[in-house]
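Asks: I have a structure I would like to understand better, so I am pasting it below and will then ask my questions one at a time.
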There are 2 protein chains.
Amino acid sequence: MSNTPYPEINSKRLWQRHLDMARIGATDGGGVHRLALTEEDIEAHLLLVRWAEAHDFTTDLDAIGIMFIRRAGKDVSLPPVASGSHTDTQPFGGRFDGITGVLVAFEALETIQEAGIETRHPLETIIWNNEEGSRFIPACMGSAVYAGVETLKAARAREDKDGVTMGACVDTLKKALPRAGVRELGAPIASFIETHIEQGIKLETSGNTIGVVTGMQGYRRFEIQVIGEDAHSGTTPRARRKDAFVAATDMTHALREILWDDKDEMRYTIGRFDVLPGGISVVPGQVNFYIDLRYHDKDTLDDLGDRIPVVCKAHAGPCQIKIAEFITQDPMNFPENIITSFEEVADRHGFGHERLYSYAGHDARHAARLCPAGMIFIPCWKGISHNEAERAEPGDIAAAAQVISDMLIDQAK
Amino acid sequence: MSNTPYPEINSKRLWQRHLDMARIGATDGGGVHRLALTEEDIEAHLLLVRWAEAHDFTTDLDAIGIMFIRRAGKDVSLPPVASGSHTDTQPFGGRFDGITGVLVAFEALETIQEAGIETRHPLETIIWNNEEGSRFIPACMGSAVYAGVETLKAARAREDKDGVTMGACVDTLKKALPRAGVRELGAPIASFIETHIEQGIKLETSGNTIGVVTGMQGYRRFEIQVIGEDAHSGTTPRARRKDAFVAATDMTHALREILWDDKDEMRYTIGRFDVLPGGISVVPGQVNFYIDLRYHDKDTLDDLGDRIPVVCKAHAGPCQIKIAEFITQDPMNFPENIITSFEEVADRHGFGHERLYSYAGHDARHAARLCPAGMIFIPCWKGISHNEAERAEPGDIAAAAQVISDMLIDQAK
């Protein structure tokens, strides 16, 4: 057993692990394309398990495919003190979103293990499943199921664009990990902390290394089907068209009027917009599109979100419309004692830090329903994320690992 | 040899041939999905060849896959007098667009054959290739190559969405027709006439059976790539977004200002609009969309078409833009003597008729570059076309076949 209570993490190993992981699903553009539970994502899980087995850490899987890498504690009756994030990426995403939080957490486990420090609580690295939500809707699905926000049955039934179910993919992951134990959904966790790149420019601007996250904005997501009628683009005059493209873009334009705020704080995004049948010379008879609306204030989010269906209906023209709100999350805040602990550890190491609000959603949102939870951010080059050009610096990643390692020791001792 | 110079066509057989053809690529929705040179389209060609061989008609293919079914004439030095249309359909299209013009032309050949009428010119049914342009861009490809509007090399190199080339598909068609002769591209044709459903409601409204087509509107088609930057929808404020969806819909909205005319004669359509990468929580970094612009007056079409790139660039916001005009066709008119001949034949049979302008493009446009050409329309239920619900009446189709049969005899004698 080491004499120092806070061993130093191995920054060189941690960066090498990032390089190793970035090869799995590497894109020509220098990013990573590793959608949830694809062959690549499963390979990332297997690589983690190989690293874990080198330390005799054990691995469990739950029914929604969340993976728990555990270093045993002295008191077997106590729940784990945990950190982690996710291995899946956006389509043609970056090398840091998600995986940095996993590798930092795992580096902390290795550091504590090599220092021979014994803790009362077990320590865990959690790899939440399908965080990005780009293959299976919704995002943060694994943590939502674990925390009881979504049902296992509904989540397993979700299909990707090829009709493959989430459930079938979880079963494939299980088969790839025959030695994994079984974790009960919702089994107690003593605390959970997560590291993530900021995906914004506040830390880069201030020069601070650690952003201590105070809370997360809420969001509401809508699927809108606009149903018109296919028609010949040469023969059909405007007056006889039921043009779903015209109606849908009337809606997206009209929504700008209420959602584009002067302060530029409201996040209104159309990221998916499918025009059918998609022939150049066919007036489109259907458009399916999705609205992602995010904000930090619950009352405003409630009010503006409720106006979306009203505005869309008012601009449907000759088309029919179907609107479904398929996910809703209120804004949330992390407990003050976790925030303060992060600040104390950062101060001890001389890492510049500041409090930040998260404009992205993360699994820590759902973990916070089960246990005290918190997050730290590290700088993200130019704020670019969900993009192959995403970049974070080895030194900042190492700082985060040091903070997480110290925090885990404090919480698990 | 028959005593009457104008034998009566067989309307029952003609309708039965429509039913037989509608089975090839039949959809659950009562339409036909028979894209150019797919297995289904080749099967349609083979069925025509079987019918042709029963009469000892010969079959030729040219280098772009146009099929010519020939009934020999007395003077082997004379070029053929021809009629026809196409066998391919739009995705989930109807049972009459294209195939009616083929079956009407073939019925005329059979009628004349069975009446034992000898003609100086050979008679032909032409099955142009890839008229719809929904599998391989552009539409009317076969006739464009035959008339020298597009090069064979460029046409054969066109790829469908799976990367299969037009050339490879033409080779497959040739293999399926080992007994077909070879027709030189651009070989002379004495005259060409085409029957088509109106794809509009003028005949239905007036109650006339035959629309004699005076000309065809011109069109200009543009591909527009809007290149922004993928970004996180939760963290990226509007001011830092390069949102390709916002820019592209600004363009399509601004274009309405100049292209939506009071008379509702301009045809401005966005039928294909691809948003990339297509994640719900990703600000889209790219949109590729297509503009189909059609009008009857060349000067106006020239002027407004030229303004499209200007308007798009003015509304690109923070995005980059690439614009390519990938197809241009001027408005055209059919020769007056063909129009008058159609009217005389229709009068002789007591078929109500009127002159119509074509708002759709057809192969007769390109044929008119090679020889005197013309078209007739028959009523189309509610004007619905490029749609599974497309419908034409057996009596109207029979009337068209009678007109075409009489015309072929007059022109070939």
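Ordering of the structure tokens sets the chain letters (A, B, ...), residue numbers begin anew at 1 in every chain, and ligands are numbered from 1 in the order given.
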May I have the residues of chain A within 6 Å of chain B, counting only C-alpha atoms, written as a PyMOL selection string?

Replies: chain A and resi 134+200+232+234-235+271-272+278-280+282-284+359-360+385-387

Asks: Ala254 of chain B: which residues within 10 Å, counting only C-alpha atoms, same-chain residues fewer than 4 positions away excluded, as a compact mmCIF listing (two decimals) with C-alpha atoms, in the first residue's frame?

Replies:
```
# COMPACT_ATOMS: atom_id res chain seq x y z
CA ALA B 248 -30.91 25.75 -47.65
CA THR B 249 -34.44 26.53 -46.50
CA ASP B 250 -33.63 30.25 -46.64
CA ILE B 258 -39.33 35.05 -57.85
CA LEU B 259 -40.74 31.68 -58.98
CA ILE B 308 -31.45 30.83 -59.17
CA VAL B 311 -30.60 34.03 -55.03
CA CYS B 312 -29.07 30.90 -53.51
CA ALA B 314 -27.37 35.59 -51.42
CA HIS B 315 -29.01 33.35 -48.81
```

Asks: Here is a test: counting only C-alpha atoms, which residue of A:Ile197, A:Cys140, A:Ile404, A:Ile42 is nearest to Phe96 of chain A?

Replies: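 Among A:Ile197, A:Cys140, A:Ile404, A:Ile42, it is A:Ile197 that comes nearest to Phe96 of chain A.
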
Asks: Considering only C-alpha atoms, return as a PyMOL selection string whatever protein or nucleic-acid residues lie within 12 Å of Arg13 of chain B, sequence-local ones (same chain, fewer than 5 positions apart) excluded.

Replies: chain B and resi 18-20+51+103-104+106-108+110-111+394+397-398+401

Asks: After a least-squares superposition on chain B using every in-order C-alpha pair, I'd like chain A written out as a short mmCIF file (atom, residue, chain, number, x, y, z; two decimals) with C-alpha atoms, in the first residue's frame.

Replies:
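Resulting contents of result20.cif:
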```cif
data_model
loop_
_atom_site.label_atom_id
_atom_site.label_comp_id
_atom_site.auth_asym_id
_atom_site.auth_seq_id
_atom_site.Cartn_x
_atom_site.Cartn_y
_atom_site.Cartn_z
CA MET A 1 -55.13 -7.92 -97.85
CA SER A 2 -58.08 -6.18 -96.28
CA ASN A 3 -60.40 -4.04 -98.38
CA THR A 4 -60.67 -1.27 -95.80
CA PRO A 5 -57.57 0.90 -95.58
CA TYR A 6 -58.07 1.54 -91.83
CA PRO A 7 -58.66 -1.68 -89.86
CA GLU A 8 -60.23 -1.54 -86.42
CA ILE A 9 -57.92 -2.08 -83.48
CA ASN A 10 -58.67 -4.79 -80.86
CA SER A 11 -59.59 -2.86 -77.72
CA LYS A 12 -60.08 -5.98 -75.59
CA ARG A 13 -56.59 -7.29 -76.36
CA LEU A 14 -55.11 -3.84 -75.77
CA TRP A 15 -56.66 -3.63 -72.29
CA GLN A 16 -55.55 -7.19 -71.47
CA ARG A 17 -51.99 -6.23 -72.42
CA HIS A 18 -52.25 -3.34 -69.93
CA LEU A 19 -53.30 -5.77 -67.20
CA ASP A 20 -50.45 -8.14 -68.09
CA MET A 21 -47.90 -5.33 -67.99
CA ALA A 22 -49.26 -3.91 -64.71
CA ARG A 23 -48.34 -7.19 -63.00
CA ILE A 24 -44.65 -6.57 -63.64
CA GLY A 25 -43.54 -4.46 -60.70
CA ALA A 26 -47.07 -4.27 -59.25
CA THR A 27 -47.23 -2.50 -55.85
CA ASP A 28 -49.53 -3.17 -52.92
CA GLY A 29 -51.01 0.27 -53.54
CA GLY A 30 -52.29 -0.70 -57.00
CA GLY A 31 -49.51 1.02 -58.92
CA VAL A 32 -46.28 -0.08 -60.57
CA HIS A 33 -42.69 0.25 -59.34
CA ARG A 34 -40.57 -0.57 -62.39
CA LEU A 35 -37.47 1.57 -62.48
CA ALA A 36 -35.40 1.72 -65.64
CA LEU A 37 -33.45 -1.46 -66.43
CA THR A 38 -34.27 -3.21 -63.19
CA GLU A 39 -35.25 -6.87 -63.31
CA GLU A 40 -38.89 -5.78 -63.65
CA ASP A 41 -38.21 -3.39 -66.52
CA ILE A 42 -36.23 -6.06 -68.37
CA GLU A 43 -39.11 -8.50 -67.81
CA ALA A 44 -41.44 -5.94 -69.44
CA HIS A 45 -39.10 -5.83 -72.45
CA LEU A 46 -39.07 -9.64 -72.64
CA LEU A 47 -42.86 -9.80 -72.59
CA LEU A 48 -43.02 -7.39 -75.52
CA VAL A 49 -40.51 -9.50 -77.41
CA ARG A 50 -42.62 -12.62 -76.84
CA TRP A 51 -45.65 -10.82 -78.26
CA ALA A 52 -43.55 -9.54 -81.17
CA GLU A 53 -42.18 -12.96 -82.01
CA ALA A 54 -45.72 -14.35 -82.27
CA HIS A 55 -46.09 -12.08 -85.34
CA ASP A 56 -42.56 -12.58 -86.70
CA PHE A 57 -41.78 -8.94 -85.92
CA THR A 58 -38.04 -8.43 -85.45
CA THR A 59 -36.34 -6.71 -82.53
CA ASP A 60 -33.28 -4.46 -82.46
CA LEU A 61 -31.41 -2.81 -79.62
CA ASP A 62 -29.11 0.20 -79.82
CA ALA A 63 -26.11 1.08 -77.67
CA ILE A 64 -28.18 2.93 -75.04
CA GLY A 65 -30.73 0.14 -74.72
CA ILE A 66 -33.59 1.49 -76.84
CA MET A 67 -35.66 -1.40 -78.24
CA PHE A 68 -37.18 -1.29 -81.75
CA ILE A 69 -39.90 -3.81 -82.68
CA ARG A 70 -40.20 -3.83 -86.46
CA ARG A 71 -42.77 -4.96 -88.96
CA ALA A 72 -41.01 -5.06 -92.32
CA GLY A 73 -42.05 -2.73 -95.17
CA LYS A 74 -41.94 -3.29 -98.91
CA ASP A 75 -39.05 -0.93 -99.57
CA VAL A 76 -36.03 -2.01 -97.53
CA SER A 77 -34.26 1.26 -98.26
CA LEU A 78 -36.83 3.36 -96.40
CA PRO A 79 -36.54 4.37 -92.71
CA PRO A 80 -39.25 3.26 -90.28
CA VAL A 81 -42.46 5.06 -89.46
CA ALA A 82 -42.59 4.74 -85.70
CA SER A 83 -44.61 5.14 -82.55
CA GLY A 84 -43.89 4.21 -78.94
CA SER A 85 -43.01 5.44 -75.48
CA HIS A 86 -41.36 3.81 -72.44
CA THR A 87 -41.74 0.86 -70.06
CA ASP A 88 -40.04 2.34 -66.99
CA THR A 89 -42.03 4.05 -64.23
CA GLN A 90 -41.47 6.51 -61.44
CA PRO A 91 -40.86 4.99 -57.97
CA PHE A 92 -44.30 3.72 -56.93
CA GLY A 93 -45.78 5.16 -60.10
CA GLY A 94 -48.83 4.21 -62.13
CA ARG A 95 -50.04 1.67 -64.69
CA PHE A 96 -50.30 4.00 -67.70
CA ASP A 97 -47.51 6.57 -67.80
CA GLY A 98 -45.27 5.33 -70.63
CA ILE A 99 -46.56 1.81 -71.05
CA THR A 100 -49.83 3.01 -72.67
CA GLY A 101 -47.84 4.66 -75.45
CA VAL A 102 -45.90 1.43 -76.01
CA LEU A 103 -48.96 -0.83 -76.00
CA VAL A 104 -50.97 1.49 -78.25
CA ALA A 105 -48.10 1.52 -80.75
CA PHE A 106 -47.77 -2.25 -80.57
CA GLU A 107 -51.54 -2.71 -80.94
CA ALA A 108 -51.34 -0.64 -84.13
CA LEU A 109 -48.62 -2.94 -85.48
CA GLU A 110 -50.64 -6.05 -84.64
CA THR A 111 -53.81 -4.57 -86.15
CA ILE A 112 -52.06 -3.64 -89.38
CA GLN A 113 -50.37 -7.03 -89.50
CA GLU A 114 -53.59 -8.96 -88.98
CA ALA A 115 -55.33 -6.85 -91.62
CA GLY A 116 -52.57 -7.87 -94.01
CA ILE A 117 -51.86 -4.28 -94.99
CA GLU A 118 -48.53 -3.81 -96.71
CA THR A 119 -46.66 -0.52 -96.24
CA ARG A 120 -43.67 0.86 -98.15
CA HIS A 121 -41.94 1.96 -94.95
CA PRO A 122 -41.29 -0.50 -92.14
CA LEU A 123 -43.40 0.15 -89.04
CA GLU A 124 -41.85 0.26 -85.60
CA THR A 125 -42.74 0.32 -81.95
CA ILE A 126 -39.98 2.12 -80.11
CA ILE A 127 -39.35 1.51 -76.41
CA TRP A 128 -37.15 4.43 -75.43
CA ASN A 129 -34.93 3.72 -72.46
CA ASN A 130 -34.85 5.39 -69.02
CA GLU A 131 -37.49 8.01 -69.74
CA GLU A 132 -38.35 8.75 -66.13
CA GLY A 133 -34.84 9.55 -65.00
CA SER A 134 -35.63 8.44 -61.48
CA ARG A 135 -32.98 5.73 -61.38
CA PHE A 136 -30.43 7.33 -63.71
CA ILE A 137 -30.37 11.09 -64.20
CA PRO A 138 -31.41 12.68 -66.57
CA ALA A 139 -34.91 11.82 -67.77
CA CYS A 140 -35.48 10.94 -71.47
CA MET A 141 -31.90 9.67 -71.52
CA GLY A 142 -32.36 7.09 -74.29
CA SER A 143 -33.96 9.46 -76.77
CA ALA A 144 -31.45 12.19 -75.85
CA VAL A 145 -28.55 9.88 -76.73
CA TYR A 146 -30.26 8.62 -79.91
CA ALA A 147 -30.81 12.23 -81.02
CA GLY A 148 -27.27 13.28 -80.10
CA VAL A 149 -28.32 15.60 -77.25
CA GLU A 150 -26.30 13.61 -74.73
CA THR A 151 -23.20 11.53 -75.49
CA LEU A 152 -23.32 7.75 -75.20
CA LYS A 153 -20.23 7.78 -73.04
CA ALA A 154 -21.68 10.21 -70.49
CA ALA A 155 -25.00 8.37 -70.40
CA ARG A 156 -23.41 4.95 -69.89
CA ALA A 157 -21.31 6.32 -67.04
CA ARG A 158 -24.32 7.59 -65.07
CA GLU A 159 -24.74 5.78 -61.77
CA ASP A 160 -27.81 4.92 -59.73
CA LYS A 161 -27.81 5.47 -55.97
CA ASP A 162 -26.05 2.13 -55.45
CA GLY A 163 -23.24 3.01 -57.86
CA VAL A 164 -24.47 0.73 -60.66
CA THR A 165 -23.82 2.31 -64.07
CA MET A 166 -26.37 2.76 -66.82
CA GLY A 167 -23.88 1.07 -69.16
CA ALA A 168 -23.76 -2.08 -67.05
CA CYS A 169 -27.56 -2.20 -67.03
CA VAL A 170 -27.77 -1.80 -70.81
CA ASP A 171 -25.36 -4.74 -71.13
CA THR A 172 -27.64 -6.80 -68.87
CA LEU A 173 -30.60 -5.96 -71.11
CA LYS A 174 -28.60 -7.04 -74.17
CA LYS A 175 -27.75 -10.36 -72.56
CA ALA A 176 -31.42 -10.92 -71.79
CA LEU A 177 -32.21 -10.42 -75.49
CA PRO A 178 -29.64 -12.56 -77.32
CA ARG A 179 -31.64 -12.66 -80.56
CA ALA A 180 -31.99 -8.85 -80.86
CA GLY A 181 -30.34 -7.15 -83.82
CA VAL A 182 -28.20 -4.05 -83.56
CA ARG A 183 -29.51 -0.57 -84.35
CA GLU A 184 -27.09 2.26 -84.99
CA LEU A 185 -27.58 5.28 -82.74
CA GLY A 186 -29.26 8.09 -84.69
CA ALA A 187 -30.24 5.83 -87.63
CA PRO A 188 -32.93 7.66 -89.66
CA ILE A 189 -36.59 7.53 -88.62
CA ALA A 190 -39.22 8.69 -91.13
CA SER A 191 -41.63 9.97 -88.46
CA PHE A 192 -42.42 9.43 -84.79
CA ILE A 193 -45.71 9.78 -82.93
CA GLU A 194 -46.33 9.10 -79.26
CA THR A 195 -49.41 8.53 -77.12
CA HIS A 196 -49.38 9.49 -73.43
CA ILE A 197 -51.82 10.11 -70.61
CA GLU A 198 -52.33 13.86 -70.18
CA GLN A 199 -51.13 14.06 -66.55
CA GLY A 200 -53.42 17.08 -66.30
CA ILE A 201 -57.17 17.69 -66.16
CA LYS A 202 -57.93 19.57 -69.39
CA LEU A 203 -59.35 16.61 -71.32
CA GLU A 204 -61.26 15.38 -68.29
CA THR A 205 -62.73 18.85 -67.91
CA SER A 206 -63.62 19.36 -71.59
CA GLY A 207 -64.82 15.80 -72.14
CA ASN A 208 -62.61 15.38 -75.21
CA THR A 209 -60.93 12.04 -75.91
CA ILE A 210 -57.85 13.15 -77.83
CA GLY A 211 -55.51 15.99 -76.97
CA VAL A 212 -53.30 16.92 -79.91
CA VAL A 213 -50.08 18.21 -78.43
CA THR A 214 -48.73 21.43 -79.90
CA GLY A 215 -45.47 21.63 -77.97
CA MET A 216 -43.62 21.04 -74.74
CA GLN A 217 -42.45 23.37 -72.02
CA GLY A 218 -38.75 23.83 -71.47
CA TYR A 219 -36.96 23.03 -68.24
CA ARG A 220 -33.80 23.71 -66.32
CA ARG A 221 -32.59 21.49 -63.51
CA PHE A 222 -30.07 22.41 -60.84
CA GLU A 223 -28.18 20.42 -58.24
CA ILE A 224 -27.26 22.47 -55.20
CA GLN A 225 -24.82 21.35 -52.53
CA VAL A 226 -24.91 23.32 -49.30
CA ILE A 227 -21.87 22.61 -47.15
CA GLY A 228 -21.84 23.62 -43.50
CA GLU A 229 -20.42 21.77 -40.51
CA ASP A 230 -21.76 18.87 -38.43
CA ALA A 231 -22.21 19.93 -34.81
CA HIS A 232 -23.82 18.79 -31.56
CA SER A 233 -27.44 19.93 -31.43
CA GLY A 234 -27.39 20.37 -27.65
CA THR A 235 -24.19 22.30 -27.17
CA THR A 236 -23.82 24.42 -30.29
CA PRO A 237 -25.53 27.83 -30.16
CA ARG A 238 -27.07 29.23 -33.34
CA ALA A 239 -24.31 31.81 -33.71
CA ARG A 240 -21.68 29.06 -33.98
CA ARG A 241 -23.64 26.75 -36.27
CA LYS A 242 -23.07 26.25 -39.95
CA ASP A 243 -26.44 24.60 -40.34
CA ALA A 244 -26.91 23.39 -43.92
CA PHE A 245 -30.62 22.74 -43.36
CA VAL A 246 -31.25 26.31 -42.25
CA ALA A 247 -29.30 27.69 -45.22
CA ALA A 248 -30.92 25.36 -47.78
CA THR A 249 -34.46 26.13 -46.62
CA ASP A 250 -33.63 29.84 -46.65
CA MET A 251 -32.76 29.34 -50.32
CA THR A 252 -35.87 27.35 -51.21
CA HIS A 253 -38.03 29.95 -49.45
CA ALA A 254 -36.33 32.91 -51.12
CA LEU A 255 -36.74 31.26 -54.53
CA ARG A 256 -40.50 31.20 -54.03
CA GLU A 257 -40.45 34.99 -54.16
CA ILE A 258 -39.29 35.02 -57.76
CA LEU A 259 -40.72 31.68 -58.97
CA TRP A 260 -44.25 31.63 -57.59
CA ASP A 261 -46.06 33.57 -60.32
CA ASP A 262 -49.60 34.90 -59.96
CA LYS A 263 -50.77 32.99 -63.02
CA ASP A 264 -49.51 29.70 -61.52
CA GLU A 265 -47.80 28.71 -64.78
CA MET A 266 -44.22 28.45 -63.59
CA ARG A 267 -43.38 24.98 -62.24
CA TYR A 268 -40.88 25.21 -59.37
CA THR A 269 -40.32 21.91 -57.54
CA ILE A 270 -37.97 20.55 -54.89
CA GLY A 271 -38.50 16.80 -55.17
CA ARG A 272 -35.21 15.59 -53.74
CA PHE A 273 -33.58 17.11 -50.67
CA ASP A 274 -31.00 15.02 -48.81
CA VAL A 275 -29.96 16.11 -45.31
CA LEU A 276 -26.61 14.74 -44.07
CA PRO A 277 -25.53 13.07 -41.84
CA GLY A 278 -29.18 12.75 -40.81
CA GLY A 279 -28.84 12.24 -37.04
CA ILE A 280 -31.66 13.67 -34.93
CA SER A 281 -29.18 15.31 -32.56
CA VAL A 282 -26.65 16.49 -35.15
CA VAL A 283 -26.75 19.93 -36.75
CA PRO A 284 -26.58 18.88 -40.41
CA GLY A 285 -23.32 19.72 -42.12
CA GLN A 286 -24.58 19.15 -45.65
CA VAL A 287 -27.73 19.32 -47.75
CA ASN A 288 -27.89 18.28 -51.41
CA PHE A 289 -31.04 19.35 -53.18
CA TYR A 290 -32.42 19.56 -56.71
CA ILE A 291 -34.53 22.22 -58.39
CA ASP A 292 -36.81 21.36 -61.28
CA LEU A 293 -37.95 24.54 -63.06
CA ARG A 294 -40.28 24.43 -66.09
CA TYR A 295 -41.98 27.03 -68.25
CA HIS A 296 -43.35 27.51 -71.75
CA ASP A 297 -41.59 30.78 -72.60
CA LYS A 298 -37.91 30.59 -73.34
CA ASP A 299 -36.98 34.18 -72.40
CA THR A 300 -38.64 33.93 -68.99
CA LEU A 301 -37.13 30.52 -68.35
CA ASP A 302 -33.68 31.84 -69.30
CA ASP A 303 -34.05 34.87 -67.05
CA LEU A 304 -35.46 33.16 -63.95
CA GLY A 305 -33.19 30.15 -64.26
CA ASP A 306 -30.18 32.46 -64.35
CA ARG A 307 -31.35 34.08 -61.12
CA ILE A 308 -31.46 30.77 -59.18
CA PRO A 309 -27.70 30.63 -58.44
CA VAL A 310 -27.72 34.30 -57.44
CA VAL A 311 -30.57 33.86 -54.96
CA CYS A 312 -29.07 30.67 -53.50
CA LYS A 313 -25.69 32.30 -52.96
CA ALA A 314 -27.34 35.28 -51.28
CA HIS A 315 -28.99 32.98 -48.73
CA ALA A 316 -26.09 30.62 -47.99
CA GLY A 317 -25.40 32.28 -44.63
CA PRO A 318 -22.26 30.74 -43.04
CA CYS A 319 -22.36 27.77 -45.47
CA GLN A 320 -20.52 27.15 -48.70
CA ILE A 321 -22.46 26.37 -51.85
CA LYS A 322 -21.91 24.55 -55.14
CA ILE A 323 -24.44 24.84 -57.96
CA ALA A 324 -24.56 22.81 -61.16
CA GLU A 325 -27.19 23.10 -63.87
CA PHE A 326 -27.22 19.53 -65.07
CA ILE A 327 -29.93 19.66 -67.71
CA THR A 328 -31.49 22.34 -69.86
CA GLN A 329 -34.17 22.01 -72.51
CA ASP A 330 -35.75 24.89 -74.38
CA PRO A 331 -39.51 24.91 -74.96
CA MET A 332 -40.36 23.29 -78.34
CA ASN A 333 -43.26 22.97 -80.83
CA PHE A 334 -44.37 20.04 -83.02
CA PRO A 335 -44.79 20.59 -86.79
CA GLU A 336 -48.22 21.86 -87.85
CA ASN A 337 -48.75 19.14 -90.50
CA ILE A 338 -48.54 16.34 -87.90
CA ILE A 339 -50.96 18.23 -85.63
CA THR A 340 -53.42 18.66 -88.53
CA SER A 341 -53.13 14.98 -89.51
CA PHE A 342 -54.00 13.91 -85.97
CA GLU A 343 -57.06 16.21 -86.04
CA GLU A 344 -58.24 14.78 -89.37
CA VAL A 345 -57.98 11.19 -88.13
CA ALA A 346 -59.78 12.04 -84.87
CA ASP A 347 -62.55 13.78 -86.85
CA ARG A 348 -62.93 10.75 -89.12
CA HIS A 349 -63.65 8.58 -86.05
CA GLY A 350 -65.77 11.17 -84.29
CA PHE A 351 -63.34 11.46 -81.36
CA GLY A 352 -63.69 14.80 -79.58
CA HIS A 353 -60.32 16.55 -79.70
CA GLU A 354 -58.54 19.75 -78.76
CA ARG A 355 -55.06 21.18 -78.99
CA LEU A 356 -53.03 20.98 -75.76
CA TYR A 357 -49.63 22.08 -74.59
CA SER A 358 -47.49 19.54 -72.75
CA TYR A 359 -46.27 20.52 -69.31
CA ALA A 360 -44.39 17.24 -68.98
CA GLY A 361 -41.31 16.21 -70.92
CA HIS A 362 -41.50 13.23 -73.27
CA ASP A 363 -39.20 11.36 -75.64
CA ALA A 364 -41.02 12.90 -78.63
CA ARG A 365 -39.10 16.09 -77.76
CA HIS A 366 -35.83 14.48 -78.79
CA ALA A 367 -37.36 12.47 -81.66
CA ALA A 368 -38.52 15.80 -83.13
CA ARG A 369 -34.85 16.64 -83.71
CA LEU A 370 -34.56 13.68 -86.10
CA CYS A 371 -37.86 13.60 -87.97
CA PRO A 372 -41.41 15.00 -88.10
CA ALA A 373 -42.88 14.12 -84.72
CA GLY A 374 -46.05 14.58 -82.76
CA MET A 375 -47.99 13.46 -79.70
CA ILE A 376 -51.50 12.81 -78.55
CA PHE A 377 -52.81 12.80 -75.00
CA ILE A 378 -55.71 10.85 -73.57
CA PRO A 379 -57.63 11.72 -70.38
CA CYS A 380 -55.97 11.00 -67.04
CA TRP A 381 -58.23 10.60 -63.99
CA LYS A 382 -58.11 13.81 -61.93
CA GLY A 383 -54.77 14.60 -63.55
CA ILE A 384 -53.10 12.27 -61.04
CA SER A 385 -49.82 10.84 -62.35
CA HIS A 386 -46.44 9.72 -61.01
CA ASN A 387 -48.67 8.12 -58.38
CA GLU A 388 -50.02 4.62 -57.76
CA ALA A 389 -53.57 5.95 -58.16
CA GLU A 390 -52.94 6.92 -61.83
CA ARG A 391 -55.87 5.83 -64.04
CA ALA A 392 -56.92 5.91 -67.70
CA GLU A 393 -60.03 4.42 -69.31
CA PRO A 394 -59.98 1.44 -71.73
CA GLY A 395 -62.17 3.31 -74.23
CA ASP A 396 -59.83 6.30 -74.37
CA ILE A 397 -56.81 4.04 -74.77
CA ALA A 398 -58.56 2.23 -77.63
CA ALA A 399 -59.34 5.56 -79.32
CA ALA A 400 -55.67 6.50 -79.15
CA ALA A 401 -54.66 3.15 -80.65
CA GLN A 402 -57.09 3.70 -83.52
CA VAL A 403 -55.64 7.15 -84.21
CA ILE A 404 -52.07 5.86 -84.06
CA SER A 405 -52.88 2.87 -86.29
CA ASP A 406 -54.49 5.10 -88.92
CA MET A 407 -51.64 7.60 -88.75
CA LEU A 408 -48.99 4.90 -89.19
CA ILE A 409 -50.79 3.57 -92.27
CA ASP A 410 -51.03 7.07 -93.77
CA GLN A 411 -47.39 7.85 -93.11
CA ALA A 412 -45.98 4.50 -94.16
CA LYS A 413 -48.00 3.78 -97.27
#
```

Asks: Go through segment 298-373 of chain B and collect every residue that DSSP, computed from the backbone, puts in alpha helix (DSSP H); the answer should be as an MDAnalysis selection string.

Replies: chainID B and resid 298:314 336:349 364:367

Asks: Mind the document's chain letters and residue numbers, and return as a ChimeraX atom specification the residues of segment 194-364 of chain B that DSSP labels strand (DSSP E).

Replies: /B:194-197,210-216,218-227,231-232,267-276,282-283,286-295,320-329,332-333,353-358
